[in-house]
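Asker: Take this structure, written in structure tokens, and hold onto it; I'll ask about it next.
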Amino acid sequence: MSEDFIYDEVPYPSFTFPQTRPDRLSTIGKYFGVETALPDNCRMLELGCGDGTNLLSFAYCHPNSKFVGIDLSKVHIDDANAAKEALRLANARFECGDLTTLSVDDFGQFDFIIAHGLFSWVPDFIRDHVLRIYSECLAPNGIGYISYNAYPGFHIREIARGIMRFHTASIDGVEEKVNQAGTILGFIHEALPKEHLHAKLIERELTEFLERPASNVYHDDLADVNRAYYFHEFASMIGEYGLQYVSESDISSSTTHGFSEEVRSVLNTIGTDLIIREQYTDFIKFRRFRSTLICHSDFTLNRNADPSIVELFRISSSLKPADADSHLSDTSTMQFIGDKDENVQMNHPLTKTVLAELGKVWTRSVDFGDLMERSKLSLANSNVQTTDDDRNKLATFLLRMFHVDLVHFHRFEPRMADAVSDKPASSEFARWQIEHDCVAVTTMTGMNLEPESDLVKLVIELADGSRNKQAIAQGVLAAADVPADQLEEFKEKLPSIVDDCLEKLLRAGLLIA
């Protein structure tokens with residue numbers, strides 16, 4: 001069975017990938033000195049676009065940009081074009097095509113090219129064509145994204161993959177093949193002594209196996225081709241096509257944050273060669289997957305950004321004061337908590353005030369200049385004046401927090417609502433995802449959120465801009481299956497339930513302006 005027929009027979013599941021968003025690629029490019037196109041006026045190409053869900057989420061968010069998706073599966077492309085029509089997105093284009101024949105003559109050059117879940121799963125000769133496409137079709141100031149399995153961590157996945165492929169070699173049906181793959185991993189895990197190293201390794205693989213859709217396991221773990229690379233090998237490959245490493249799409253994944261001073265000291269003795277240092281970092285982290293950004297080799301990157309670079313971006317952060325009664329204007333130490341329970345302590349008045357301002361509007365971002373003006377005004381009301389030194393301390397802190405993923409930089413602000421309106425409107429793309437039974441919905445900021453209940457899904461669907469809160473509540477009541485003895489209590493609580501739900505959708509970035 002050819003690979004294109006496999007994907008026609010068993011389509012790959014729908015996902016959106018925040019790490020491939022135009023804002024992410026444009027921001028990181030700018031951070032390293034690449035003057036990329038802005039997210040709301042760019043051209044993006046996705047190789048192996050699947051059913052187009054990822055690109056469609058971008059096309060919805062960036063109506064003035066152009067998006068092209070290429071995939072070998074006709075089923076995928078038919079689904080993508082059907083979704084494009086349903087969402088009325090004229091700025092997206094999907095073509096069924098062979099990457100070995102794709103050239104710059106077909107579509108021109110692109111500001112961003114992405115290939116997620118492709119590079120490790122195609123034969124060597126197709127990988128060469130993928131890199132040729134990046135070399136030819138990436139604009140001079142463009143940023144490319146390529147994800148791939150990485151050694152040394154993938155060696156563990158290969159153990160489980162080998163076991164599963166051997167055990168299921170004679171099984172044809174997709175469902176039975178995946179079920180048996182899980183069965184053999186479970187059997188081996190139970191057969192091994194719990195303290196055995198192999199048992200712990202298999203347990204990790206089994207846990208990840210159970211969290212993924214069957215079609216994902218089928219195409220990834222059980223595929224005939226699934227290759228990993230040491231980072232230095234990948235860097236060498238792209239170099240042959242006039243391309244160079246920029247960074248990972250998640251800046252924090254390439255930092256030495258969390259390493260001891262002794263480990264950092266040893267890494268410093270290795271030398272200044274970035275590729276070698278990254279490779280040794282992979283050895284330490286036992287990295288198994290990379291999401292790498294690349295650009296043309298003739299571009300000189302700025303790898304020593306001054307803290308003042310933060311002034312070029314919009315800023316966002318989920319960090320909020322742990323204590324509502326904390327004092328921002330003095331030098332007392334305050335604790336800030338992130339949405340994943342991250343913990344940061346700070347005693348610098350301007351920085352504390354900035355974090356408090358950002359926490360109020362999360363998930364929105366604020367232009368650095370506006371953020372400074374707001375914070376200075378707030379401190380001035382407490383008779384605290386800020387200096388250039390304060391500004392430098394703030395910039396240094398924000399840059400440090402950017403490197404550990406506690407502060408985010410942006411070049412674009414989506415059209416999100418800043419309050420729940422009389423007739424709230426949720427993202428049409430999120431409503432489309434619910435209609436098509438997607439596991440998660442994509443916020444305007446690109447985060448994937450799984451609605452916590454069917455009631456939340458229902459509110460998202462009903463909040464289409466045509467209903468006020470009362471009408472939304474009536475719609476929920478009409479659709480809800482509530483036992484008769486609980487109906488009156490449910491009716492009484494329903495307005496506050498809808499209010500709370502809409503506020504959560506607002507904070508999540510699912511309501512549009």
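Each chain in the structure tokens gets a letter, A, B, ..., in the order shown, and its residues are numbered from 1; ligands are numbered from 1 in order too.
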Give me every strand (DSSP E or B) residue in stretch 6-201 of chain A, going by DSSP on the backbone, as a PDB file with N, CA and C atoms, in the first residue's frame.
Answerer:
```pdb
ATOM      1  N   ARG A  43       2.893  35.496   3.577  1.00  0.00           N
ATOM      2  CA  ARG A  43       2.556  34.307   2.796  1.00  0.00           C
ATOM      3  C   ARG A  43       3.176  33.095   3.495  1.00  0.00           C
ATOM      4  N   MET A  44       2.368  32.067   3.725  1.00  0.00           N
ATOM      5  CA  MET A  44       2.853  30.867   4.412  1.00  0.00           C
ATOM      6  C   MET A  44       2.508  29.627   3.602  1.00  0.00           C
ATOM      7  N   LEU A  45       3.463  28.700   3.551  1.00  0.00           N
ATOM      8  CA  LEU A  45       3.289  27.412   2.888  1.00  0.00           C
ATOM      9  C   LEU A  45       3.431  26.307   3.921  1.00  0.00           C
ATOM     10  N   GLU A  46       2.505  25.335   3.899  1.00  0.00           N
ATOM     11  CA  GLU A  46       2.638  24.160   4.758  1.00  0.00           C
ATOM     12  C   GLU A  46       2.778  22.917   3.895  1.00  0.00           C
ATOM     13  N   LEU A  47       3.875  22.189   4.109  1.00  0.00           N
ATOM     14  CA  LEU A  47       4.133  20.937   3.411  1.00  0.00           C
ATOM     15  C   LEU A  47       3.568  19.793   4.237  1.00  0.00           C
ATOM     16  N   LYS A  66      -1.865  35.200   3.176  1.00  0.00           N
ATOM     17  CA  LYS A  66      -2.178  34.133   2.234  1.00  0.00           C
ATOM     18  C   LYS A  66      -1.550  32.826   2.715  1.00  0.00           C
ATOM     19  N   PHE A  67      -2.307  31.734   2.590  1.00  0.00           N
ATOM     20  CA  PHE A  67      -1.854  30.437   3.089  1.00  0.00           C
ATOM     21  C   PHE A  67      -2.074  29.363   2.028  1.00  0.00           C
ATOM     22  N   VAL A  68      -1.021  28.570   1.810  1.00  0.00           N
ATOM     23  CA  VAL A  68      -1.071  27.488   0.823  1.00  0.00           C
ATOM     24  C   VAL A  68      -0.686  26.193   1.510  1.00  0.00           C
ATOM     25  N   GLY A  69      -1.509  25.158   1.323  1.00  0.00           N
ATOM     26  CA  GLY A  69      -1.212  23.838   1.888  1.00  0.00           C
ATOM     27  C   GLY A  69      -1.096  22.801   0.795  1.00  0.00           C
ATOM     28  N   ILE A  70      -0.065  21.953   0.915  1.00  0.00           N
ATOM     29  CA  ILE A  70       0.182  20.879  -0.055  1.00  0.00           C
ATOM     30  C   ILE A  70       0.156  19.546   0.669  1.00  0.00           C
ATOM     31  N   ASP A  71      -0.551  18.581   0.125  1.00  0.00           N
ATOM     32  CA  ASP A  71      -0.560  17.236   0.701  1.00  0.00           C
ATOM     33  C   ASP A  71      -0.775  16.228  -0.417  1.00  0.00           C
ATOM     34  N   ALA A  92      -7.066  31.074   1.852  1.00  0.00           N
ATOM     35  CA  ALA A  92      -6.411  29.769   1.975  1.00  0.00           C
ATOM     36  C   ALA A  92      -6.552  29.012   0.661  1.00  0.00           C
ATOM     37  N   ARG A  93      -5.501  28.256   0.324  1.00  0.00           N
ATOM     38  CA  ARG A  93      -5.508  27.463  -0.907  1.00  0.00           C
ATOM     39  C   ARG A  93      -4.908  26.099  -0.607  1.00  0.00           C
ATOM     40  N   PHE A  94      -5.567  25.041  -1.049  1.00  0.00           N
ATOM     41  CA  PHE A  94      -5.081  23.691  -0.793  1.00  0.00           C
ATOM     42  C   PHE A  94      -4.971  22.928  -2.105  1.00  0.00           C
ATOM     43  N   GLU A  95      -3.809  22.276  -2.273  1.00  0.00           N
ATOM     44  CA  GLU A  95      -3.540  21.546  -3.507  1.00  0.00           C
ATOM     45  C   GLU A  95      -3.043  20.144  -3.187  1.00  0.00           C
ATOM     46  N   CYS A  96      -3.541  19.170  -3.944  1.00  0.00           N
ATOM     47  CA  CYS A  96      -3.016  17.806  -3.855  1.00  0.00           C
ATOM     48  C   CYS A  96      -1.777  17.756  -4.740  1.00  0.00           C
ATOM     49  N   PHE A 110       7.719  32.252  -0.162  1.00  0.00           N
ATOM     50  CA  PHE A 110       6.882  32.413   1.030  1.00  0.00           C
ATOM     51  C   PHE A 110       7.706  33.008   2.178  1.00  0.00           C
ATOM     52  N   ASP A 111       7.035  33.799   2.994  1.00  0.00           N
ATOM     53  CA  ASP A 111       7.691  34.374   4.174  1.00  0.00           C
ATOM     54  C   ASP A 111       7.927  33.317   5.237  1.00  0.00           C
ATOM     55  N   PHE A 112       7.034  32.335   5.284  1.00  0.00           N
ATOM     56  CA  PHE A 112       7.155  31.244   6.256  1.00  0.00           C
ATOM     57  C   PHE A 112       6.797  29.930   5.574  1.00  0.00           C
ATOM     58  N   ILE A 113       7.625  28.913   5.827  1.00  0.00           N
ATOM     59  CA  ILE A 113       7.320  27.563   5.338  1.00  0.00           C
ATOM     60  C   ILE A 113       7.368  26.636   6.547  1.00  0.00           C
ATOM     61  N   ILE A 114       6.358  25.795   6.686  1.00  0.00           N
ATOM     62  CA  ILE A 114       6.307  24.884   7.827  1.00  0.00           C
ATOM     63  C   ILE A 114       6.094  23.451   7.346  1.00  0.00           C
ATOM     64  N   ALA A 115       6.685  22.515   8.086  1.00  0.00           N
ATOM     65  CA  ALA A 115       6.489  21.085   7.837  1.00  0.00           C
ATOM     66  C   ALA A 115       6.519  20.396   9.200  1.00  0.00           C
ATOM     67  N   LEU A 138      11.715  29.717   0.162  1.00  0.00           N
ATOM     68  CA  LEU A 138      11.713  30.588   1.333  1.00  0.00           C
ATOM     69  C   LEU A 138      12.249  31.955   0.940  1.00  0.00           C
ATOM     70  N   ALA A 139      11.499  32.993   1.255  1.00  0.00           N
ATOM     71  CA  ALA A 139      11.911  34.359   0.925  1.00  0.00           C
ATOM     72  C   ALA A 139      13.248  34.686   1.582  1.00  0.00           C
ATOM     73  N   PRO A 140      13.997  35.646   1.037  1.00  0.00           N
ATOM     74  CA  PRO A 140      15.310  35.976   1.601  1.00  0.00           C
ATOM     75  C   PRO A 140      15.274  36.253   3.101  1.00  0.00           C
ATOM     76  N   ASN A 141      14.238  36.902   3.586  1.00  0.00           N
ATOM     77  CA  ASN A 141      14.078  37.181   5.016  1.00  0.00           C
ATOM     78  C   ASN A 141      13.028  36.268   5.636  1.00  0.00           C
ATOM     79  N   GLY A 142      12.906  35.084   5.096  1.00  0.00           N
ATOM     80  CA  GLY A 142      11.886  34.160   5.575  1.00  0.00           C
ATOM     81  C   GLY A 142      12.388  33.264   6.695  1.00  0.00           C
ATOM     82  N   ILE A 143      11.441  32.659   7.406  1.00  0.00           N
ATOM     83  CA  ILE A 143      11.738  31.707   8.469  1.00  0.00           C
ATOM     84  C   ILE A 143      11.018  30.396   8.152  1.00  0.00           C
ATOM     85  N   GLY A 144      11.761  29.292   8.246  1.00  0.00           N
ATOM     86  CA  GLY A 144      11.182  27.982   8.036  1.00  0.00           C
ATOM     87  C   GLY A 144      11.086  27.206   9.335  1.00  0.00           C
ATOM     88  N   TYR A 145      10.138  26.297   9.383  1.00  0.00           N
ATOM     89  CA  TYR A 145       9.916  25.439  10.563  1.00  0.00           C
ATOM     90  C   TYR A 145       9.931  23.988  10.093  1.00  0.00           C
ATOM     91  N   ILE A 146      10.737  23.155  10.763  1.00  0.00           N
ATOM     92  CA  ILE A 146      10.757  21.719  10.484  1.00  0.00           C
ATOM     93  C   ILE A 146      10.807  20.978  11.814  1.00  0.00           C
ATOM     94  N   SER A 147       9.867  20.072  12.010  1.00  0.00           N
ATOM     95  CA  SER A 147       9.917  19.227  13.212  1.00  0.00           C
ATOM     96  C   SER A 147      10.389  17.838  12.824  1.00  0.00           C
ATOM     97  N   TYR A 148      11.034  17.143  13.764  1.00  0.00           N
ATOM     98  CA  TYR A 148      11.582  15.820  13.470  1.00  0.00           C
ATOM     99  C   TYR A 148      11.936  15.110  14.769  1.00  0.00           C
ATOM    100  N   ASN A 149      11.986  13.800  14.707  1.00  0.00           N
ATOM    101  CA  ASN A 149      12.408  13.005  15.851  1.00  0.00           C
ATOM    102  C   ASN A 149      13.907  13.178  16.056  1.00  0.00           C
ATOM    103  N   ALA A 150      14.317  13.211  17.308  1.00  0.00           N
ATOM    104  CA  ALA A 150      15.712  13.511  17.624  1.00  0.00           C
ATOM    105  C   ALA A 150      16.318  12.442  18.535  1.00  0.00           C
TER     106      ALA A 150
END
```
Asker: Excluding A:Asp224 and residues on its chain fewer than 4 positions from it, collect all residues at most 10 Å away from it, counting only C-alpha atoms, and give them as an MDAnalysis selection string.
Answerer: chainID A and resid 3 121:123 165 219:220
Asker: Pick out the closest residue to A:Ser421 from this set: A:Cys49, A:Leu506, A:Leu185, A:Val344. Count only C-alpha atoms.
Answerer: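 Of A:Cys49, A:Leu506, A:Leu185, A:Val344, the one nearest A:Ser421 is A:Leu506, counting only C-alpha atoms.
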Asker: For A:Phe289, please output as number ranges by chain all residues within 12 Å (counting only C-alpha atoms; exclusion window: fewer than 5 positions along the same chain).
Answerer: A: 116-117, 119-120, 146-157, 227-231, 248-250, 253, 282
Asker: What would the file look like if the residues just selected were written as a PDB file, in the first residue's frame with N, CA and C atoms?
Answerer:
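And here is the file that came out, result.pdb:
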```pdb
ATOM      1  N   HIS A 116       5.341  20.109   9.716  1.00  0.00           N
ATOM      2  CA  HIS A 116       5.238  19.474  11.037  1.00  0.00           C
ATOM      3  C   HIS A 116       4.806  18.020  10.861  1.00  0.00           C
ATOM      4  N   GLY A 117       5.569  17.097  11.484  1.00  0.00           N
ATOM      5  CA  GLY A 117       5.207  15.689  11.390  1.00  0.00           C
ATOM      6  C   GLY A 117       5.426  15.102  10.012  1.00  0.00           C
ATOM      7  N   PHE A 119       9.037  15.391   8.191  1.00  0.00           N
ATOM      8  CA  PHE A 119      10.438  15.150   7.847  1.00  0.00           C
ATOM      9  C   PHE A 119      10.924  13.761   8.260  1.00  0.00           C
ATOM     10  N   SER A 120      10.521  13.288   9.424  1.00  0.00           N
ATOM     11  CA  SER A 120      10.994  11.981   9.906  1.00  0.00           C
ATOM     12  C   SER A 120      10.225  10.812   9.308  1.00  0.00           C
ATOM     13  N   ILE A 146      10.737  23.155  10.763  1.00  0.00           N
ATOM     14  CA  ILE A 146      10.757  21.719  10.484  1.00  0.00           C
ATOM     15  C   ILE A 146      10.807  20.978  11.814  1.00  0.00           C
ATOM     16  N   SER A 147       9.867  20.072  12.010  1.00  0.00           N
ATOM     17  CA  SER A 147       9.917  19.227  13.212  1.00  0.00           C
ATOM     18  C   SER A 147      10.389  17.838  12.824  1.00  0.00           C
ATOM     19  N   TYR A 148      11.034  17.143  13.764  1.00  0.00           N
ATOM     20  CA  TYR A 148      11.582  15.820  13.470  1.00  0.00           C
ATOM     21  C   TYR A 148      11.936  15.110  14.769  1.00  0.00           C
ATOM     22  N   ASN A 149      11.986  13.800  14.707  1.00  0.00           N
ATOM     23  CA  ASN A 149      12.408  13.005  15.851  1.00  0.00           C
ATOM     24  C   ASN A 149      13.907  13.178  16.056  1.00  0.00           C
ATOM     25  N   ALA A 150      14.317  13.211  17.308  1.00  0.00           N
ATOM     26  CA  ALA A 150      15.712  13.511  17.624  1.00  0.00           C
ATOM     27  C   ALA A 150      16.318  12.442  18.535  1.00  0.00           C
ATOM     28  N   TYR A 151      17.570  12.155  18.271  1.00  0.00           N
ATOM     29  CA  TYR A 151      18.386  11.335  19.187  1.00  0.00           C
ATOM     30  C   TYR A 151      19.071  12.261  20.183  1.00  0.00           C
ATOM     31  N   PRO A 152      19.374  11.768  21.387  1.00  0.00           N
ATOM     32  CA  PRO A 152      19.339  10.361  21.799  1.00  0.00           C
ATOM     33  C   PRO A 152      17.994   9.883  22.321  1.00  0.00           C
ATOM     34  N   GLY A 153      17.048  10.805  22.635  1.00  0.00           N
ATOM     35  CA  GLY A 153      15.824  10.389  23.301  1.00  0.00           C
ATOM     36  C   GLY A 153      14.975   9.438  22.487  1.00  0.00           C
ATOM     37  N   PHE A 154      15.016   9.576  21.149  1.00  0.00           N
ATOM     38  CA  PHE A 154      14.153   8.736  20.332  1.00  0.00           C
ATOM     39  C   PHE A 154      14.570   7.263  20.349  1.00  0.00           C
ATOM     40  N   HIS A 155      15.776   6.983  20.817  1.00  0.00           N
ATOM     41  CA  HIS A 155      16.190   5.575  20.918  1.00  0.00           C
ATOM     42  C   HIS A 155      15.184   4.783  21.770  1.00  0.00           C
ATOM     43  N   ILE A 156      14.647   5.428  22.813  1.00  0.00           N
ATOM     44  CA  ILE A 156      13.674   4.744  23.670  1.00  0.00           C
ATOM     45  C   ILE A 156      12.394   4.476  22.900  1.00  0.00           C
ATOM     46  N   ARG A 157      11.921   5.461  22.149  1.00  0.00           N
ATOM     47  CA  ARG A 157      10.726   5.263  21.333  1.00  0.00           C
ATOM     48  C   ARG A 157      10.962   4.148  20.311  1.00  0.00           C
ATOM     49  N   ARG A 227      12.171   8.018  11.112  1.00  0.00           N
ATOM     50  CA  ARG A 227      13.600   8.164  11.348  1.00  0.00           C
ATOM     51  C   ARG A 227      13.894   9.345  12.271  1.00  0.00           C
ATOM     52  N   ALA A 228      14.909   9.187  13.079  1.00  0.00           N
ATOM     53  CA  ALA A 228      15.359  10.270  13.958  1.00  0.00           C
ATOM     54  C   ALA A 228      16.758  10.721  13.549  1.00  0.00           C
ATOM     55  N   TYR A 229      17.131  11.915  14.023  1.00  0.00           N
ATOM     56  CA  TYR A 229      18.435  12.493  13.688  1.00  0.00           C
ATOM     57  C   TYR A 229      19.080  13.073  14.935  1.00  0.00           C
ATOM     58  N   TYR A 230      20.384  12.951  15.015  1.00  0.00           N
ATOM     59  CA  TYR A 230      21.118  13.782  15.958  1.00  0.00           C
ATOM     60  C   TYR A 230      21.091  15.202  15.407  1.00  0.00           C
ATOM     61  N   PHE A 231      21.057  16.168  16.304  1.00  0.00           N
ATOM     62  CA  PHE A 231      20.920  17.545  15.862  1.00  0.00           C
ATOM     63  C   PHE A 231      22.030  17.954  14.902  1.00  0.00           C
ATOM     64  N   GLU A 248      15.006  26.860  18.324  1.00  0.00           N
ATOM     65  CA  GLU A 248      13.797  26.054  18.392  1.00  0.00           C
ATOM     66  C   GLU A 248      12.589  26.992  18.407  1.00  0.00           C
ATOM     67  N   SER A 249      11.434  26.488  17.992  1.00  0.00           N
ATOM     68  CA  SER A 249      10.230  27.326  18.001  1.00  0.00           C
ATOM     69  C   SER A 249       9.834  27.694  19.423  1.00  0.00           C
ATOM     70  N   ASP A 250      10.262  26.889  20.368  1.00  0.00           N
ATOM     71  CA  ASP A 250      10.112  27.210  21.789  1.00  0.00           C
ATOM     72  C   ASP A 250      11.496  27.582  22.306  1.00  0.00           C
ATOM     73  N   SER A 253      13.275  25.774  25.193  1.00  0.00           N
ATOM     74  CA  SER A 253      13.759  24.396  25.091  1.00  0.00           C
ATOM     75  C   SER A 253      15.246  24.319  24.765  1.00  0.00           C
ATOM     76  N   ASP A 282      21.294  18.397  23.978  1.00  0.00           N
ATOM     77  CA  ASP A 282      20.389  17.283  23.676  1.00  0.00           C
ATOM     78  C   ASP A 282      20.791  16.020  24.422  1.00  0.00           C
TER      79      ASP A 282
END
```
Asker: Residues of stretch 265-319 of chain A that have any atom at most 7 Å from an atom of stretch 399-416 of chain A: could you tabulate them with the shortest-distance atom pair and the distance in Å to one decimal, using only C-alpha atoms, ordered by chain and increasing number, as CSV?
Answerer:
```
residue,atom,partner,partner_atom,distance
A:Pro307,CA,A:Leu399,CA,6.1
A:Val310,CA,A:Leu399,CA,6.7
A:Phe313,CA,A:His410,CA,5.5
A:Arg314,CA,A:His410,CA,4.9
A:Ile315,CA,A:Phe409,CA,4.9
A:Ser316,CA,A:His408,CA,5.2
A:Ser317,CA,A:Val407,CA,4.8
```
Asker: Expressed in Å to a single decimal, how great is the separation between atom CA of A:Met334 and atom CA of A:Ser252?
Answerer: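 Computing it gives 24.0 Å between the two atoms.
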Asker: As a ChimeraX atom specification, please: the residues near stretch 235-245 of chain A (cut-off 7 Å, only C-alpha atoms, same-chain neighbours under 6 positions excluded).
Answerer: /A:131-132,135,293-297
Asker: With only C-alpha atoms as the counted atoms, please give the residues lying no more than 12 Å from A:Lys504, apart from itself and same-chain residues fewer than 2 positions off, as a PyMOL selection string.
Answerer: chain A and resi 362-363+419-420+426+443+449+451-452+456+459-460+497-502+506-511
Asker: If DSSP is run on the backbone, what residues of stretch 31-259 of chain A are helix (DSSP H, G or I)? A reply as number ranges by chain would be ideal.
Answerer: A: 31, 39-41, 53-61, 74-87, 104-107, 119-121, 124-137, 154-167, 174-191, 197-210, 214-220, 231-239, 251-254
Asker: Which is closest to A:Gly33 among A:Phe299, A:Leu267, A:Lys285, A:Thr20, if we use only C-alpha atoms?
Answerer: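 For A:Gly33, the nearest of the candidates is A:Phe299.
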Asker: Rounded to one decimal in Å, what is the spacing between atom CA of A:Ala471 and atom CA of A:Trp432?
Answerer: 20.5 Å
Asker: Go ahead and compute the interatomic distance for atom CA of A:His232 and atom CA of A:Asp124, in Å to one decimal.
Answerer: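 Straight-line distance from atom CA of A:His232 to atom CA of A:Asp124 works out to 16.9 Å.
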Asker: Nearest residue to A:Arg21 out of A:Thr36, A:Thr351, A:Thr269, A:Ser57, using only C-alpha atoms?
Answerer: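 Among the listed residues, the smallest separation from A:Arg21 belongs to A:Ser57.
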